[in-house]
Amino acid sequence: MANPRDQIITLPTPSLRRHSKKVGLVDKSITRIINNMQAALLDWEASREHEVGVALAAIQINQSLRIVIIRNDFNNKEDRTYTIFINPTITKYEGNIEEDFEGCLSVKDIYGKVPRYTKIKVKAQNLNGKEFRVTADGFLARTFQHEIDHTNGVLFVDHIKDNSEAFFKLNDEGNLEQLDDKDIQNHHIFR
Ligand SMILES: [Zn+2]
């Protein structure tokens, strides 16, 4: 494989729709998958001019396991550290539902304005199998909802598929613009 980012699968690959399996013991094969996830995400980021590699779920490198990695500092591209969440689940939804932009490494060139809860509680396990809990709000809460959706075979486009006005693309200047009728006709997501 030429680049680590080539491991990333995109729609319409059917395995993205699968429910990922729960992780049992964290052995060498699991840590190898996590290392591959991080390498793929950082390599993808290095190939993009305007975007940061915020998070990744294992199914996005075609490993059907409930593992998510999320960047520790969204605003600092120099900080390339991630937190690992094994078997993450949302235990509580709080706050309001708000719409904001989301992209996905598995949905090429399409962005969406997606409704999500503004605050959630998550429980997960760390590499030692120890359970920990996180309360997240704002963009981190959105990221958790997007990534945990992946472990259940759901993509952001599924939340907005009946609303073509919620779909956007990145132009050459790095700004988001709404898809026009031609874009929508040509894109497999709408077929
Ligand atoms: Zn995604």
# chains A, B, ... in the order shown; residues from 1 in each chain; ligands from 1
>>> residues_around(residues="region 26-31 of chain A", least_positions_apart="3", cutoff="10 Å", atoms="only C-alpha atoms", output="PyMOL selection string")
chain A and resi 23+34-37+63+65+67+86+126-129
>>> write_last_selection(atoms="N, CA and C atoms", output="PDB file, in the first residue's frame")
ATOM      1  N   VAL A  23     -15.060  -4.752  21.338  1.00  0.00           N
ATOM      2  CA  VAL A  23     -13.685  -5.187  21.562  1.00  0.00           C
ATOM      3  C   VAL A  23     -13.616  -5.899  22.905  1.00  0.00           C
ATOM      4  N   ILE A  34      -5.134   0.284  16.031  1.00  0.00           N
ATOM      5  CA  ILE A  34      -5.164   1.676  16.502  1.00  0.00           C
ATOM      6  C   ILE A  34      -4.002   2.472  15.897  1.00  0.00           C
ATOM      7  N   ASN A  35      -2.827   1.860  15.835  1.00  0.00           N
ATOM      8  CA  ASN A  35      -1.676   2.538  15.211  1.00  0.00           C
ATOM      9  C   ASN A  35      -1.957   2.828  13.743  1.00  0.00           C
ATOM     10  N   ASN A  36      -2.598   1.892  13.074  1.00  0.00           N
ATOM     11  CA  ASN A  36      -2.944   2.108  11.656  1.00  0.00           C
ATOM     12  C   ASN A  36      -3.964   3.222  11.488  1.00  0.00           C
ATOM     13  N   MET A  37      -4.924   3.296  12.420  1.00  0.00           N
ATOM     14  CA  MET A  37      -5.928   4.371  12.369  1.00  0.00           C
ATOM     15  C   MET A  37      -5.247   5.740  12.467  1.00  0.00           C
ATOM     16  N   GLN A  63     -11.986  -2.095   9.573  1.00  0.00           N
ATOM     17  CA  GLN A  63     -11.877  -2.982  10.731  1.00  0.00           C
ATOM     18  C   GLN A  63     -13.163  -2.822  11.528  1.00  0.00           C
ATOM     19  N   LEU A  65     -14.653  -2.985  14.314  1.00  0.00           N
ATOM     20  CA  LEU A  65     -14.491  -3.019  15.770  1.00  0.00           C
ATOM     21  C   LEU A  65     -14.868  -1.662  16.347  1.00  0.00           C
ATOM     22  N   ILE A  67     -13.960   0.983  17.960  1.00  0.00           N
ATOM     23  CA  ILE A  67     -12.814   1.784  18.400  1.00  0.00           C
ATOM     24  C   ILE A  67     -12.902   3.136  17.701  1.00  0.00           C
ATOM     25  N   ILE A  86     -12.387   2.907  23.440  1.00  0.00           N
ATOM     26  CA  ILE A  86     -12.749   1.539  23.070  1.00  0.00           C
ATOM     27  C   ILE A  86     -14.162   1.258  23.573  1.00  0.00           C
ATOM     28  N   ASN A 126     -10.327   2.386  28.208  1.00  0.00           N
ATOM     29  CA  ASN A 126      -9.003   2.756  27.691  1.00  0.00           C
ATOM     30  C   ASN A 126      -8.258   1.480  27.274  1.00  0.00           C
ATOM     31  N   LEU A 127      -6.999   1.625  26.897  1.00  0.00           N
ATOM     32  CA  LEU A 127      -6.218   0.481  26.399  1.00  0.00           C
ATOM     33  C   LEU A 127      -6.050  -0.620  27.446  1.00  0.00           C
ATOM     34  N   ASN A 128      -6.168  -0.254  28.729  1.00  0.00           N
ATOM     35  CA  ASN A 128      -6.047  -1.259  29.790  1.00  0.00           C
ATOM     36  C   ASN A 128      -7.393  -1.889  30.135  1.00  0.00           C
ATOM     37  N   GLY A 129      -8.423  -1.547  29.389  1.00  0.00           N
ATOM     38  CA  GLY A 129      -9.739  -2.106  29.652  1.00  0.00           C
ATOM     39  C   GLY A 129     -10.491  -1.383  30.756  1.00  0.00           C
TER      40      GLY A 129
END
>>> select_by_dssp(residues="region 63-179 of chain A", states="alpha helix (DSSP H)", output="ChimeraX atom specification")
/A:138-151,156-160
>>> write_last_selection(atoms="N, CA and C atoms", output="compact mmCIF listing (two decimals), in the first residue's frame")
# COMPACT_ATOMS: atom_id res chain seq x y z
N GLY A 138 -20.36 21.20 22.66
CA GLY A 138 -19.89 21.88 21.45
C GLY A 138 -19.39 20.91 20.40
N PHE A 139 -18.27 21.27 19.79
CA PHE A 139 -17.75 20.49 18.66
C PHE A 139 -17.32 19.09 19.08
N LEU A 140 -16.81 18.95 20.32
CA LEU A 140 -16.43 17.61 20.79
C LEU A 140 -17.66 16.71 20.92
N ALA A 141 -18.76 17.25 21.41
CA ALA A 141 -20.00 16.47 21.51
C ALA A 141 -20.45 16.02 20.12
N ARG A 142 -20.35 16.92 19.17
CA ARG A 142 -20.70 16.61 17.77
C ARG A 142 -19.80 15.50 17.23
N THR A 143 -18.50 15.60 17.51
CA THR A 143 -17.54 14.61 17.03
C THR A 143 -17.86 13.22 17.60
N PHE A 144 -18.14 13.16 18.89
CA PHE A 144 -18.50 11.87 19.50
C PHE A 144 -19.74 11.28 18.81
N GLN A 145 -20.76 12.09 18.58
CA GLN A 145 -21.99 11.57 17.98
C GLN A 145 -21.70 11.05 16.57
N HIS A 146 -20.87 11.78 15.80
CA HIS A 146 -20.51 11.37 14.44
C HIS A 146 -19.74 10.04 14.48
N GLU A 147 -18.75 9.93 15.39
CA GLU A 147 -17.89 8.74 15.41
C GLU A 147 -18.63 7.52 15.95
N ILE A 148 -19.42 7.71 16.99
CA ILE A 148 -20.16 6.57 17.55
C ILE A 148 -21.21 6.10 16.56
N ASP A 149 -21.77 7.02 15.77
CA ASP A 149 -22.62 6.61 14.63
C ASP A 149 -21.88 5.62 13.72
N HIS A 150 -20.60 5.91 13.43
CA HIS A 150 -19.81 5.01 12.56
C HIS A 150 -19.79 3.58 13.12
N THR A 151 -19.66 3.46 14.44
CA THR A 151 -19.59 2.11 15.03
C THR A 151 -20.93 1.38 14.88
N PHE A 156 -23.05 10.63 8.47
CA PHE A 156 -23.74 11.91 8.68
C PHE A 156 -24.77 12.18 7.60
N VAL A 157 -24.51 11.70 6.40
CA VAL A 157 -25.45 11.97 5.29
C VAL A 157 -26.82 11.35 5.57
N ASP A 158 -26.85 10.29 6.38
CA ASP A 158 -28.13 9.62 6.68
C ASP A 158 -29.07 10.54 7.46
N HIS A 159 -28.48 11.45 8.25
CA HIS A 159 -29.31 12.34 9.07
C HIS A 159 -29.95 13.46 8.26
N ILE A 160 -29.44 13.71 7.07
CA ILE A 160 -29.90 14.89 6.30
C ILE A 160 -30.32 14.52 4.88
>>> residues_around(residues="Ala46 (chain A)", least_positions_apart="4", cutoff="12 Å", atoms="only C-alpha atoms", output="PyMOL selection string")
chain A and resi 3-5+39-42+50-53+77-78+80
>>> closest_atom_pairs(of="chain A", to="ligand 1", cutoff="6 Å", atoms="only C-alpha atoms and all ligand atoms", output="JSON lines")
{"residue": "A:Cys104", "atom": "CA", "partner": "ligand 1", "partner_atom_place_in_ligand_line": "1 (Zn)", "distance": 3.8}
{"residue": "A:Leu105", "atom": "CA", "partner": "ligand 1", "partner_atom_place_in_ligand_line": "1 (Zn)", "distance": 5.7}
{"residue": "A:Ser106", "atom": "CA", "partner": "ligand 1", "partner_atom_place_in_ligand_line": "1 (Zn)", "distance": 5.9}
>>> atom_distance(atom1="CA of Glu102 (chain A)", atom2="CA of Lys21 (chain A)")
25.0 Å
>>> residues_around(residues="region 178-189 of chain A", least_positions_apart="4", cutoff="12 Å", atoms="only C-alpha atoms", output="list of chain:residue names")
A:Thr10, A:Leu11, A:Pro12, A:Thr13, A:Phe101, A:Ser106, A:Val107, A:Lys108, A:Asp109, A:Ile110, A:Tyr111, A:Gly112, A:Lys113, A:Leu155, A:Phe156, A:Val157, A:Asp158, A:Ile160, A:Lys161, A:Asp162, A:Asn163, A:Ser164, A:Glu165, A:Ala166, A:Phe167, A:Phe168, A:Lys169, A:Leu170, A:Asn171
>>> atom_distance(atom1="CA of Lys92 (chain A)", atom2="CA of Leu25 (chain A)")
26.0 Å
>>> select_by_dssp(residues="region 51-166 of chain A", states="strand (DSSP E or B)", output="JSON list (two decimals) with N, CA and C atoms, in the first residue's frame")
[["chain", "number", "residue", "atom", "x", "y", "z"],
["A", 55, "ALA", "N", -10.91, 13.01, 13.79],
["A", 55, "ALA", "CA", -11.26, 11.74, 14.45],
["A", 55, "ALA", "C", -11.44, 10.65, 13.41],
["A", 56, "LEU", "N", -11.41, 9.40, 13.88],
["A", 56, "LEU", "CA", -11.59, 8.27, 12.98],
["A", 56, "LEU", "C", -12.16, 7.09, 13.76],
["A", 57, "ALA", "N", -13.03, 6.34, 13.11],
["A", 57, "ALA", "CA", -13.53, 5.08, 13.68],
["A", 57, "ALA", "C", -12.87, 3.92, 12.93],
["A", 65, "LEU", "N", -14.65, -2.98, 14.31],
["A", 65, "LEU", "CA", -14.49, -3.02, 15.77],
["A", 65, "LEU", "C", -14.87, -1.66, 16.35],
["A", 67, "ILE", "N", -13.96, 0.98, 17.96],
["A", 67, "ILE", "CA", -12.81, 1.78, 18.40],
["A", 67, "ILE", "C", -12.90, 3.14, 17.70],
["A", 68, "VAL", "N", -12.69, 4.21, 18.48],
["A", 68, "VAL", "CA", -12.71, 5.57, 17.94],
["A", 68, "VAL", "C", -11.48, 6.30, 18.48],
["A", 69, "ILE", "N", -10.82, 7.08, 17.63],
["A", 69, "ILE", "CA", -9.77, 7.97, 18.13],
["A", 69, "ILE", "C", -10.20, 9.42, 17.85],
["A", 70, "ILE", "N", -9.95, 10.28, 18.83],
["A", 70, "ILE", "CA", -10.32, 11.70, 18.70],
["A", 70, "ILE", "C", -9.12, 12.56, 19.09],
["A", 71, "ARG", "N", -8.84, 13.53, 18.26],
["A", 71, "ARG", "CA", -7.70, 14.42, 18.48],
["A", 71, "ARG", "C", -7.86, 15.20, 19.79],
["A", 82, "TYR", "N", -3.84, 11.86, 20.10],
["A", 82, "TYR", "CA", -5.25, 11.45, 20.08],
["A", 82, "TYR", "C", -5.58, 10.71, 21.36],
["A", 83, "THR", "N", -6.87, 10.73, 21.73],
["A", 83, "THR", "CA", -7.34, 9.86, 22.81],
["A", 83, "THR", "C", -8.08, 8.69, 22.17],
["A", 84, "ILE", "N", -7.87, 7.51, 22.76],
["A", 84, "ILE", "CA", -8.47, 6.28, 22.23],
["A", 84, "ILE", "C", -9.70, 5.92, 23.06],
["A", 85, "PHE", "N", -10.80, 5.65, 22.38],
["A", 85, "PHE", "CA", -12.05, 5.27, 23.04],
["A", 85, "PHE", "C", -12.44, 3.88, 22.53],
["A", 86, "ILE", "N", -12.39, 2.91, 23.44],
["A", 86, "ILE", "CA", -12.75, 1.54, 23.07],
["A", 86, "ILE", "C", -14.16, 1.26, 23.57],
["A", 87, "ASN", "N", -14.99, 0.69, 22.72],
["A", 87, "ASN", "CA", -16.41, 0.42, 23.02],
["A", 87, "ASN", "C", -17.14, 1.66, 23.54],
["A", 88, "PRO", "N", -17.01, 2.80, 22.85],
["A", 88, "PRO", "CA", -17.67, 4.02, 23.36],
["A", 88, "PRO", "C", -19.19, 3.95, 23.19],
["A", 89, "THR", "N", -19.89, 4.44, 24.20],
["A", 89, "THR", "CA", -21.36, 4.57, 24.07],
["A", 89, "THR", "C", -21.78, 5.91, 24.68],
["A", 90, "ILE", "N", -22.85, 6.45, 24.15],
["A", 90, "ILE", "CA", -23.41, 7.68, 24.69],
["A", 90, "ILE", "C", -24.40, 7.28, 25.78],
["A", 91, "THR", "N", -24.18, 7.78, 26.99],
["A", 91, "THR", "CA", -25.05, 7.40, 28.11],
["A", 91, "THR", "C", -26.13, 8.45, 28.36],
["A", 92, "LYS", "N", -25.93, 9.66, 27.86],
["A", 92, "LYS", "CA", -26.93, 10.71, 28.08],
["A", 92, "LYS", "C", -26.83, 11.80, 27.02],
["A", 93, "TYR", "N", -27.99, 12.23, 26.53],
["A", 93, "TYR", "CA", -28.06, 13.38, 25.61],
["A", 93, "TYR", "C", -28.61, 14.56, 26.39],
["A", 94, "GLU", "N", -27.95, 15.72, 26.26],
["A", 94, "GLU", "CA", -28.40, 16.90, 27.00],
["A", 94, "GLU", "C", -28.33, 18.12, 26.08],
["A", 95, "GLY", "N", -28.68, 19.26, 26.65],
["A", 95, "GLY", "CA", -28.60, 20.50, 25.88],
["A", 95, "GLY", "C", -29.67, 20.56, 24.81],
["A", 96, "ASN", "N", -29.35, 21.26, 23.73],
["A", 96, "ASN", "CA", -30.30, 21.44, 22.62],
["A", 96, "ASN", "C", -29.81, 20.67, 21.41],
["A", 97, "ILE", "N", -30.62, 20.68, 20.37],
["A", 97, "ILE", "CA", -30.18, 20.16, 19.08],
["A", 97, "ILE", "C", -29.82, 21.36, 18.21],
["A", 98, "GLU", "N", -28.59, 21.35, 17.70],
["A", 98, "GLU", "CA", -28.13, 22.45, 16.84],
["A", 98, "GLU", "C", -27.56, 21.90, 15.55],
["A", 99, "GLU", "N", -27.67, 22.68, 14.47],
["A", 99, "GLU", "CA", -27.09, 22.28, 13.19],
["A", 99, "GLU", "C", -25.72, 22.91, 13.02],
["A", 100, "ASP", "N", -24.77, 22.13, 12.53],
["A", 100, "ASP", "CA", -23.47, 22.70, 12.16],
["A", 100, "ASP", "C", -22.82, 21.80, 11.11],
["A", 101, "PHE", "N", -21.71, 22.28, 10.54],
["A", 101, "PHE", "CA", -21.08, 21.57, 9.44],
["A", 101, "PHE", "C", -20.30, 20.36, 9.92],
["A", 102, "GLU", "N", -20.38, 19.29, 9.13],
["A", 102, "GLU", "CA", -19.58, 18.09, 9.35],
["A", 102, "GLU", "C", -19.06, 17.58, 8.02],
["A", 103, "GLY", "N", -17.85, 17.04, 8.08],
["A", 103, "GLY", "CA", -17.31, 16.30, 6.96],
["A", 103, "GLY", "C", -16.93, 14.92, 7.46],
["A", 104, "CYS", "N", -16.53, 14.07, 6.54],
["A", 104, "CYS", "CA", -16.18, 12.71, 6.93],
["A", 104, "CYS", "C", -15.17, 12.17, 5.92],
["A", 107, "VAL", "N", -16.73, 10.07, 3.28],
["A", 107, "VAL", "CA", -17.71, 10.66, 2.36],
["A", 107, "VAL", "C", -16.96, 11.71, 1.56],
["A", 108, "LYS", "N", -16.52, 11.35, 0.38],
["A", 108, "LYS", "CA", -15.60, 12.19, -0.38],
["A", 108, "LYS", "C", -16.24, 13.51, -0.80],
["A", 109, "ASP", "N", -15.56, 14.62, -0.46],
["A", 109, "ASP", "CA", -15.85, 15.94, -1.01],
["A", 109, "ASP", "C", -17.22, 16.51, -0.65],
["A", 110, "ILE", "N", -17.94, 15.88, 0.27],
["A", 110, "ILE", "CA", -19.26, 16.38, 0.63],
["A", 110, "ILE", "C", -19.27, 16.75, 2.11],
["A", 111, "TYR", "N", -19.87, 17.91, 2.39],
["A", 111, "TYR", "CA", -20.07, 18.34, 3.77],
["A", 111, "TYR", "C", -21.56, 18.48, 4.01],
["A", 112, "GLY", "N", -21.94, 18.44, 5.28],
["A", 112, "GLY", "CA", -23.37, 18.58, 5.56],
["A", 112, "GLY", "C", -23.60, 19.41, 6.80],
["A", 113, "LYS", "N", -24.77, 20.04, 6.85],
["A", 113, "LYS", "CA", -25.19, 20.76, 8.05],
["A", 113, "LYS", "C", -26.10, 19.81, 8.82],
["A", 114, "VAL", "N", -25.56, 19.27, 9.92],
["A", 114, "VAL", "CA", -26.18, 18.11, 10.58],
["A", 114, "VAL", "C", -26.69, 18.51, 11.97],
["A", 115, "PRO", "N", -27.92, 18.15, 12.29],
["A", 115, "PRO", "CA", -28.42, 18.41, 13.65],
["A", 115, "PRO", "C", -27.84, 17.41, 14.66],
["A", 116, "ARG", "N", -27.33, 17.93, 15.77],
["A", 116, "ARG", "CA", -26.76, 17.08, 16.84],
["A", 116, "ARG", "C", -27.08, 17.71, 18.19],
["A", 117, "TYR", "N", -27.03, 16.88, 19.23],
["A", 117, "TYR", "CA", -27.15, 17.40, 20.60],
["A", 117, "TYR", "C", -25.89, 18.20, 20.94],
["A", 118, "THR", "N", -26.09, 19.27, 21.73],
["A", 118, "THR", "CA", -24.97, 20.15, 22.08],
["A", 118, "THR", "C", -24.17, 19.61, 23.26],
["A", 119, "LYS", "N", -24.73, 18.66, 24.00],
["A", 119, "LYS", "CA", -24.01, 18.14, 25.17],
["A", 119, "LYS", "C", -24.36, 16.67, 25.35],
["A", 120, "ILE", "N", -23.34, 15.86, 25.61],
["A", 120, "ILE", "CA", -23.57, 14.43, 25.82],
["A", 120, "ILE", "C", -22.63, 13.90, 26.90],
["A", 121, "LYS", "N", -22.99, 12.74, 27.41],
["A", 121, "LYS", "CA", -22.07, 11.99, 28.28],
["A", 121, "LYS", "C", -21.72, 10.69, 27.58],
["A", 122, "VAL", "N", -20.43, 10.34, 27.66],
["A", 122, "VAL", "CA", -19.92, 9.15, 26.97],
["A", 122, "VAL", "C", -19.21, 8.27, 27.99],
["A", 123, "LYS", "N", -19.38, 6.94, 27.85],
["A", 123, "LYS", "CA", -18.48, 6.05, 28.59],
["A", 123, "LYS", "C", -17.75, 5.16, 27.59],
["A", 124, "ALA", "N", -16.51, 4.84, 27.95],
["A", 124, "ALA", "CA", -15.66, 4.04, 27.06],
["A", 124, "ALA", "C", -14.62, 3.33, 27.92],
["A", 125, "GLN", "N", -13.79, 2.51, 27.26],
["A", 125, "GLN", "CA", -12.67, 1.87, 27.95],
["A", 125, "GLN", "C", -11.37, 2.38, 27.37],
["A", 131, "GLU", "N", -12.77, 1.38, 32.46],
["A", 131, "GLU", "CA", -13.85, 2.25, 32.00],
["A", 131, "GLU", "C", -13.60, 3.69, 32.45],
["A", 132, "PHE", "N", -13.88, 4.64, 31.55],
["A", 132, "PHE", "CA", -13.83, 6.06, 31.94],
["A", 132, "PHE", "C", -14.98, 6.79, 31.28],
["A", 133, "ARG", "N", -15.30, 7.94, 31.85],
["A", 133, "ARG", "CA", -16.45, 8.72, 31.38],
["A", 133, "ARG", "C", -16.04, 10.12, 31.00],
["A", 134, "VAL", "N", -16.70, 10.67, 29.99],
["A", 134, "VAL", "CA", -16.40, 12.02, 29.51],
["A", 134, "VAL", "C", -17.71, 12.77, 29.33],
["A", 135, "THR", "N", -17.73, 14.03, 29.75],
["A", 135, "THR", "CA", -18.84, 14.91, 29.40],
["A", 135, "THR", "C", -18.32, 15.84, 28.31],
["A", 136, "ALA", "N", -19.05, 15.93, 27.21],
["A", 136, "ALA", "CA", -18.56, 16.73, 26.07],
["A", 136, "ALA", "C", -19.63, 17.71, 25.64],
["A", 137, "ASP", "N", -19.20, 18.90, 25.24],
["A", 137, "ASP", "CA", -20.16, 19.82, 24.63],
["A", 137, "ASP", "C", -19.56, 20.43, 23.38]]
>>> closest_residue(among="A:Arg66, A:Phe190, A:Gln60, A:Val154", to="Asp6 (chain A)", atoms="only C-alpha atoms")
A:Gln60
>>> atom_distance(atom1="CA of Glu45 (chain A)", atom2="CA of Thr81 (chain A)")
13.2 Å
>>> closest_residue(among="A:Leu176, A:Val54, A:Ile59, A:Asn75", to="Arg17 (chain A)", atoms="only C-alpha atoms")
A:Ile59
>>> closest_residue(among="A:Ser64, A:Asp172, A:Ile8, A:Asn72", to="Ser20 (chain A)", atoms="only C-alpha atoms")
A:Ser64
>>> decode(residues="region 96-115 of chain A", atoms="N, CA and C atoms", output="compact mmCIF listing (two decimals), in the first residue's frame")
# COMPACT_ATOMS: atom_id res chain seq x y z
N ASN A 96 -29.35 21.26 23.73
CA ASN A 96 -30.30 21.44 22.62
C ASN A 96 -29.81 20.67 21.41
N ILE A 97 -30.62 20.68 20.37
CA ILE A 97 -30.18 20.16 19.08
C ILE A 97 -29.82 21.36 18.21
N GLU A 98 -28.59 21.35 17.70
CA GLU A 98 -28.13 22.45 16.84
C GLU A 98 -27.56 21.90 15.55
N GLU A 99 -27.67 22.68 14.47
CA GLU A 99 -27.09 22.28 13.19
C GLU A 99 -25.72 22.91 13.02
N ASP A 100 -24.77 22.13 12.53
CA ASP A 100 -23.47 22.70 12.16
C ASP A 100 -22.82 21.80 11.11
N PHE A 101 -21.71 22.28 10.54
CA PHE A 101 -21.08 21.57 9.44
C PHE A 101 -20.30 20.36 9.92
N GLU A 102 -20.38 19.29 9.13
CA GLU A 102 -19.58 18.09 9.35
C GLU A 102 -19.06 17.58 8.02
N GLY A 103 -17.85 17.04 8.08
CA GLY A 103 -17.31 16.30 6.96
C GLY A 103 -16.93 14.92 7.46
N CYS A 104 -16.53 14.07 6.54
CA CYS A 104 -16.18 12.71 6.93
C CYS A 104 -15.17 12.17 5.92
N LEU A 105 -14.12 11.53 6.42
CA LEU A 105 -13.11 10.99 5.52
C LEU A 105 -13.68 9.89 4.63
N SER A 106 -14.81 9.33 5.03
CA SER A 106 -15.43 8.25 4.25
C SER A 106 -16.53 8.75 3.33
N VAL A 107 -16.73 10.07 3.28
CA VAL A 107 -17.71 10.66 2.36
C VAL A 107 -16.96 11.71 1.56
N LYS A 108 -16.52 11.35 0.38
CA LYS A 108 -15.60 12.19 -0.38
C LYS A 108 -16.24 13.51 -0.80
N ASP A 109 -15.56 14.62 -0.46
CA ASP A 109 -15.85 15.94 -1.01
C ASP A 109 -17.22 16.51 -0.65
N ILE A 110 -17.94 15.88 0.27
CA ILE A 110 -19.26 16.38 0.63
C ILE A 110 -19.27 16.75 2.11
N TYR A 111 -19.87 17.91 2.39
CA TYR A 111 -20.07 18.34 3.77
C TYR A 111 -21.56 18.48 4.01
N GLY A 112 -21.94 18.44 5.28
CA GLY A 112 -23.37 18.58 5.56
C GLY A 112 -23.60 19.41 6.80
N LYS A 113 -24.77 20.04 6.85
CA LYS A 113 -25.19 20.76 8.05
C LYS A 113 -26.10 19.81 8.82
N VAL A 114 -25.56 19.27 9.92
CA VAL A 114 -26.18 18.11 10.58
C VAL A 114 -26.69 18.51 11.97
N PRO A 115 -27.92 18.15 12.29
CA PRO A 115 -28.42 18.41 13.65
C PRO A 115 -27.84 17.41 14.66
